[in-house]
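**Q** Please find one structure pasted underneath; my questions will follow.
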Amino acid sequence: MGREPILSVDDYLARHEAKDLLRFITCGSVDDGKSTLLGRLLYDTKLLFDDQLAALEGDSLRHGTQNGELDFALLVDGLSAEREQGITIDVAYRFFTTERRKFIVADCPGHEQYTRNMATGASTADLAVVLVDARKGLLTQTRRHTYIAALLGIRHVLLAVNKMDLVGYDEATFRAIEADYAALAQGMGITQVTAIPVSALRGENVSARATTMPWFTGTSLLEHLETVVIERPADTLGFRLPVQWVARPDQNFRGYAGQVVAGAIAPGDEVVVLPGGARSRVARIVTADGDRKRAATGDAITLTLEDERDISRGDVIAAAHNPPQVADQFATHLLWMDESALLPGRGYWLKIGARTVGAQVTEIKHKVDVNTQEELAAKRLELNEVGYCNLGLDQPIAFESYANCRELGAFILIDRQTNATVGAGTLDFALRRADNIHWQHMDIDRAARARIKGQSPACLWFTGLSGSGKSTVANLVEKRLFALGRHTYLLDGDNVRHGLNRDLGFTDEDRVENIRRVAEVAKLMVDAGLIVLVSFISPFREERRMARELFAPGEFHEVFVDTPLAVCEARDVKGLYAKARAGGIRNFTGIDSPYEVPESPELHLRGGDQSPEQLAEQVIEELLRAQ
Ligand SMILES: Nc1ncnc2c1ncn2[C@@H]1O[C@H](COP(=O)(O)OS(=O)(=O)O)[C@@H](OP(=O)(O)O)[C@H]1O
Ligand SMILES: Nc1ncnc2c1ncn2[C@@H]1O[C@H](COP(=O)(O)OP(=O)(O)O)[C@@H](O)[C@H]1O
């Protein structure tokens, strides 16, 4: 270790380039000595800049927390405080090198509410350094950190039993903690645990072995980090290249660029492009340094193929003899990272590798208490909660289980309205049931059904507050259409909730499911050739969008019955507003549950200003105009 003589910048870079990289995270709270340990590691590897060191000496003396010795915690905490500003996911990455290895360490805050930060750091790490205070032994947070590390595929843990100086360097204390932890880790699928007794403050067993614990014959913490062998499961997979972009500088060149996430490839090898299934052979492997004869995991390359194929960003080019599976339904672990809860049935964007597709959680099997690993029933996931969920996608994707390949097995969920990243998860396995259900061909199709009724089927979707006039207007419209000889059906929230949806209440997740079901029913009725009128509050934009997307262009008419809350409240035919104001009904729309105003409805009715008959007339006009 120590600073190497630098011959030239190029020489230095080349030497480090060739070195193996270990990514690790540190888990533990500040009290466990995490910052001190990290600061000590950086100091001992001499990678602190001199001006930072000078500041540190000044601070330590000023604060005097450690009897005039350097306080490394100050250094790390200072750096992360700077970085925390404006960063939602608060993980500080640090880089250092020794003669043997390069390191990237993700330093994640230890508090419970920072589960998502730890998960972010853990998702790319090979190893976790779990700190335990020798005086306290294993704590709830030790369990939580180990669980999240295991969930995100970490199989190696370095258990740093810290503050050994405060327990008189007692071997029995260390051994007891080591044994406790081995039992905990085994149950979670962590296969490699190395326990090391340290004093981060005194630098004992951190970068050099301590003389104070002769009973310990293992390596120092840094030696372990330098020498631990990480086996990569992706090494056993065939070639996988998620296409990041299609390079088309001119007519004669079409290349598919990305990073190889598993396996190796050479010109002439047969490949399959997924999910489509087209086959070809590799013509060239192009890189910034010229053509290559072979590329393997980790290489950034551009492939050209022998045949012209329709390949786009997000496709996966894979070894034809050993391709990944393709599926559209999965069992997954999901960590929720947003203030607004995950609602099953709601549409989100799922991003995996370079592909983005529509997705819904179809079922929460259970949520997991991250502190105890207890499995609990759940209808939604709140911020920082972890659930085991079934996930359905709008289109099939090529994937690997996360345990085999992180790049093709890890995904994020994105809110379709705000574009914020709201969840992160790992694919466990594909649900087979989708494979066994096929579309039945029917000789009488929707066009034939519409023809015999002599009309163009449509869905008139009325949305608005309770009491806005949805049912009244929809009822008038249906009567008018009926008189015109049209075939219609009116689906009303109050009525459907007595039958099909009698199991649903008014929580956000129940409303999502309520609208999902009625939208599917409306679609079936439109398929049957009817003009369907749907009169539900349908308060959320996302579910109205989902409903719209079930229909062909021009078939869906969103009718916003825009009546001011005060007017609805004054009408209060059912006395529900009065009850809600008095606290007798919870989650009442407009009072303590939101109504998201439509942004571009086909028809905007002023429900407070005009009579029901006038409003109905506008709906009829809109429908006839479109037909
Ligand atoms: N908490 C709460 N919030 C809103 N509405 C409530 C609630 N509890 C009962 N009701 C009555 O249920 C009717 C709304 O049902 P919907 O199925 O249309 O609601 S939603 O679309 O799922 O939001 C609604 O009928 P309308 O007045 O016809 O809209 C109410 O009468
Ligand atoms: N345009 C309107 N002007 C005046 N009163 C109306 C109007 N539309 C509806 N109403 C009255 O308001 C009350 C609530 O209407 P309703 O159709 O049941 O609303 P919703 O189905 O949206 O809950 C009913 O008593 C109805 O007669």
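Order determines the names: the first chain of the structure tokens is A, the second B, and so forth; residues in each chain are numbered 1 upward, and ligands are numbered 1 upward as they are shown.
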Could you pull out the strand (DSSP E) residues of region 341-403 of chain A from DSSP and send them as a ChimeraX atom specification?
**A** /A:348-352,355-368,375-376,386-399
**Q** Residues within 6 Å of ligand 2 (only C-alpha atoms and all ligand atoms), as a list in words?
**A**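 Checked against 6 Å with only C-alpha atoms and all ligand atoms; the hits are Leu465, Ser466, Gly467, Ser468, Gly469, Lys470, Ser471, Thr472, Arg571, Val573, Gly607, Gly608, Gln610, Ser611 and Pro612 of chain A.
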**Q** What is the distance, in Å and to one decimal place, between CA of Ala398 (chain A) and CA of Ala430 (chain A)?
**A**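 For CA of Ala398 (chain A) relative to CA of Ala430 (chain A), the distance reads 10.6 Å.
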**Q** At most 7 Å is the cut-off: for each residue in chain A with any atom that close to an atom of ligand 1, write down the nearest atom pair and the distance in Å rounded to one decimal, counting only C-alpha atoms and all ligand atoms, chain first then increasing number, as CSV.
**A**
residue,atom,partner,partner_atom_place_in_ligand_line,distance
A:Leu465,CA,ligand 1,29 (O),6.0
A:Ser466,CA,ligand 1,29 (O),3.4
A:Gly467,CA,ligand 1,27 (O),4.7
A:Lys470,CA,ligand 1,28 (O),7.0
A:Ser471,CA,ligand 1,28 (O),6.2
A:Gly493,CA,ligand 1,17 (O),3.9
A:Asp494,CA,ligand 1,13 (C),5.2
A:Arg497,CA,ligand 1,17 (O),6.3
A:Phe506,CA,ligand 1,1 (N),5.2
A:Arg511,CA,ligand 1,22 (O),4.0
A:Asn514,CA,ligand 1,22 (O),5.4
A:Ile515,CA,ligand 1,22 (O),6.2
A:Ser535,CA,ligand 1,18 (O),6.6
A:Phe536,CA,ligand 1,18 (O),3.4
A:Ile537,CA,ligand 1,21 (O),3.8
A:Ser538,CA,ligand 1,21 (O),3.6
A:Pro539,CA,ligand 1,23 (O),5.4
A:Lys574,CA,ligand 1,31 (O),6.8
A:Leu576,CA,ligand 1,31 (O),6.9
A:Ile585,CA,ligand 1,1 (N),6.0
A:Arg586,CA,ligand 1,1 (N),5.6
A:Asn587,CA,ligand 1,1 (N),4.6
A:Phe588,CA,ligand 1,1 (N),3.4
A:Thr589,CA,ligand 1,3 (N),4.5
**Q** Residues of the last selection are to be written out with N, CA, C and O atoms, as a tab-separated table (two decimals), in the first residue's frame.
**A**
chain	number	residue	atom	x	y	z
A	465	LEU	N	-67.34	15.16	-9.28
A	465	LEU	CA	-67.59	14.96	-7.85
A	465	LEU	C	-68.93	14.27	-7.61
A	465	LEU	O	-69.81	14.29	-8.48
A	466	SER	N	-69.09	13.73	-6.42
A	466	SER	CA	-70.39	13.20	-6.01
A	466	SER	C	-71.38	14.38	-6.00
A	466	SER	O	-71.07	15.45	-5.49
A	467	GLY	N	-72.53	14.18	-6.62
A	467	GLY	CA	-73.52	15.25	-6.66
A	467	GLY	C	-73.32	16.24	-7.80
A	467	GLY	O	-74.06	17.22	-7.92
A	470	LYS	N	-73.57	13.65	-12.66
A	470	LYS	CA	-73.18	12.59	-13.61
A	470	LYS	C	-74.36	11.69	-13.93
A	470	LYS	O	-74.69	11.46	-15.10
A	471	SER	N	-74.99	11.14	-12.87
A	471	SER	CA	-76.07	10.16	-13.08
A	471	SER	C	-77.26	10.81	-13.77
A	471	SER	O	-77.85	10.23	-14.70
A	493	GLY	N	-71.85	4.03	-10.82
A	493	GLY	CA	-71.01	3.65	-9.67
A	493	GLY	C	-71.82	3.05	-8.53
A	493	GLY	O	-71.53	1.95	-8.05
A	494	ASP	N	-72.86	3.76	-8.13
A	494	ASP	CA	-73.68	3.28	-7.01
A	494	ASP	C	-74.22	1.87	-7.28
A	494	ASP	O	-74.23	1.03	-6.38
A	497	ARG	N	-71.42	-0.95	-7.56
A	497	ARG	CA	-70.88	-1.23	-6.23
A	497	ARG	C	-71.79	-2.15	-5.41
A	497	ARG	O	-71.38	-2.64	-4.36
A	506	PHE	N	-63.63	2.79	-0.37
A	506	PHE	CA	-63.26	4.07	-0.97
A	506	PHE	C	-61.81	4.47	-0.67
A	506	PHE	O	-61.46	5.64	-0.80
A	511	ARG	N	-60.49	2.30	-5.08
A	511	ARG	CA	-61.01	3.09	-6.21
A	511	ARG	C	-60.30	2.71	-7.50
A	511	ARG	O	-60.92	2.64	-8.56
A	514	ASN	N	-61.79	-0.48	-8.55
A	514	ASN	CA	-63.17	-0.18	-8.98
A	514	ASN	C	-63.19	0.28	-10.44
A	514	ASN	O	-63.93	-0.23	-11.28
A	515	ILE	N	-62.32	1.24	-10.74
A	515	ILE	CA	-62.28	1.80	-12.10
A	515	ILE	C	-61.70	0.79	-13.09
A	515	ILE	O	-62.18	0.67	-14.22
A	535	SER	N	-70.80	6.17	-15.38
A	535	SER	CA	-70.95	7.30	-14.48
A	535	SER	C	-70.36	6.96	-13.12
A	535	SER	O	-71.03	6.44	-12.23
A	536	PHE	N	-69.05	7.20	-13.01
A	536	PHE	CA	-68.30	6.95	-11.77
A	536	PHE	C	-67.54	8.24	-11.44
A	536	PHE	O	-67.14	8.96	-12.36
A	537	ILE	N	-67.31	8.49	-10.15
A	537	ILE	CA	-66.50	9.68	-9.81
A	537	ILE	C	-65.18	9.61	-10.57
A	537	ILE	O	-64.71	10.58	-11.10
A	538	SER	N	-64.57	8.39	-10.57
A	538	SER	CA	-63.25	8.16	-11.21
A	538	SER	C	-62.32	9.35	-10.98
A	538	SER	O	-61.99	10.08	-11.92
A	539	PRO	N	-61.87	9.49	-9.73
A	539	PRO	CA	-61.17	10.72	-9.33
A	539	PRO	C	-59.72	10.83	-9.82
A	539	PRO	O	-59.16	11.92	-9.77
A	574	LYS	N	-77.94	12.91	-0.85
A	574	LYS	CA	-77.86	11.71	0.00
A	574	LYS	C	-77.38	12.04	1.42
A	574	LYS	O	-77.21	11.13	2.24
A	576	LEU	N	-74.48	12.86	2.24
A	576	LEU	CA	-73.14	12.30	2.48
A	576	LEU	C	-72.12	13.39	2.80
A	576	LEU	O	-71.22	13.17	3.62
A	585	ILE	N	-67.89	9.95	7.58
A	585	ILE	CA	-67.40	9.16	6.44
A	585	ILE	C	-65.97	9.59	6.16
A	585	ILE	O	-65.71	10.80	6.08
A	586	ARG	N	-65.07	8.61	6.04
A	586	ARG	CA	-63.68	8.95	5.74
A	586	ARG	C	-63.42	8.83	4.25
A	586	ARG	O	-64.18	8.19	3.54
A	587	ASN	N	-62.35	9.44	3.77
A	587	ASN	CA	-61.95	9.38	2.35
A	587	ASN	C	-63.08	9.84	1.44
A	587	ASN	O	-63.36	9.22	0.42
A	588	PHE	N	-63.74	10.93	1.76
A	588	PHE	CA	-64.82	11.40	0.90
A	588	PHE	C	-64.23	12.35	-0.17
A	588	PHE	O	-63.52	13.30	0.16
A	589	THR	N	-64.56	12.06	-1.42
A	589	THR	CA	-63.99	12.83	-2.53
A	589	THR	C	-64.29	14.31	-2.38
A	589	THR	O	-65.45	14.69	-2.17
**Q** Hey, what's within 9 Å of Arg292 (chain A) if we count only C-alpha atoms and toss same-chain stuff fewer than 4 positions away? As a PyMOL selection string, please?
**A** chain A and resi 266-267+284-287
**Q** Counting only C-alpha atoms, figure out which residue out of A:His487, A:Arg240, A:Lys19, A:Arg116 gets nearest to Trp336 (chain A).
**A**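 Smallest distance to Trp336 (chain A) is found for A:Arg116.
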**Q** Leaving out region 379-396 of chain A and any residue of its chain fewer than 2 positions from it, which residues lie within 8 Å of it when counting only C-alpha atoms, given as a PyMOL selection string?
**A** chain A and resi 113-116+275+326-344+357-370+377+398+509
**Q** So that I can check the surroundings of region 322-324 of chain A, please list as a list in words every protein, DNA and RNA residue that reaches within 7 Å of it, counting only C-alpha atoms and ignoring chain neighbours fewer than 6 positions away.
**A** Gly238, Ala398, Phe399 and Glu400 of chain A
**Q** What's the separation between CA of Ala210 (chain A) and CA of Arg40 (chain A), in Å to one decimal place?
**A**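 Value for the CA of Ala210 (chain A)-CA of Arg40 (chain A) distance: 14.3 Å.
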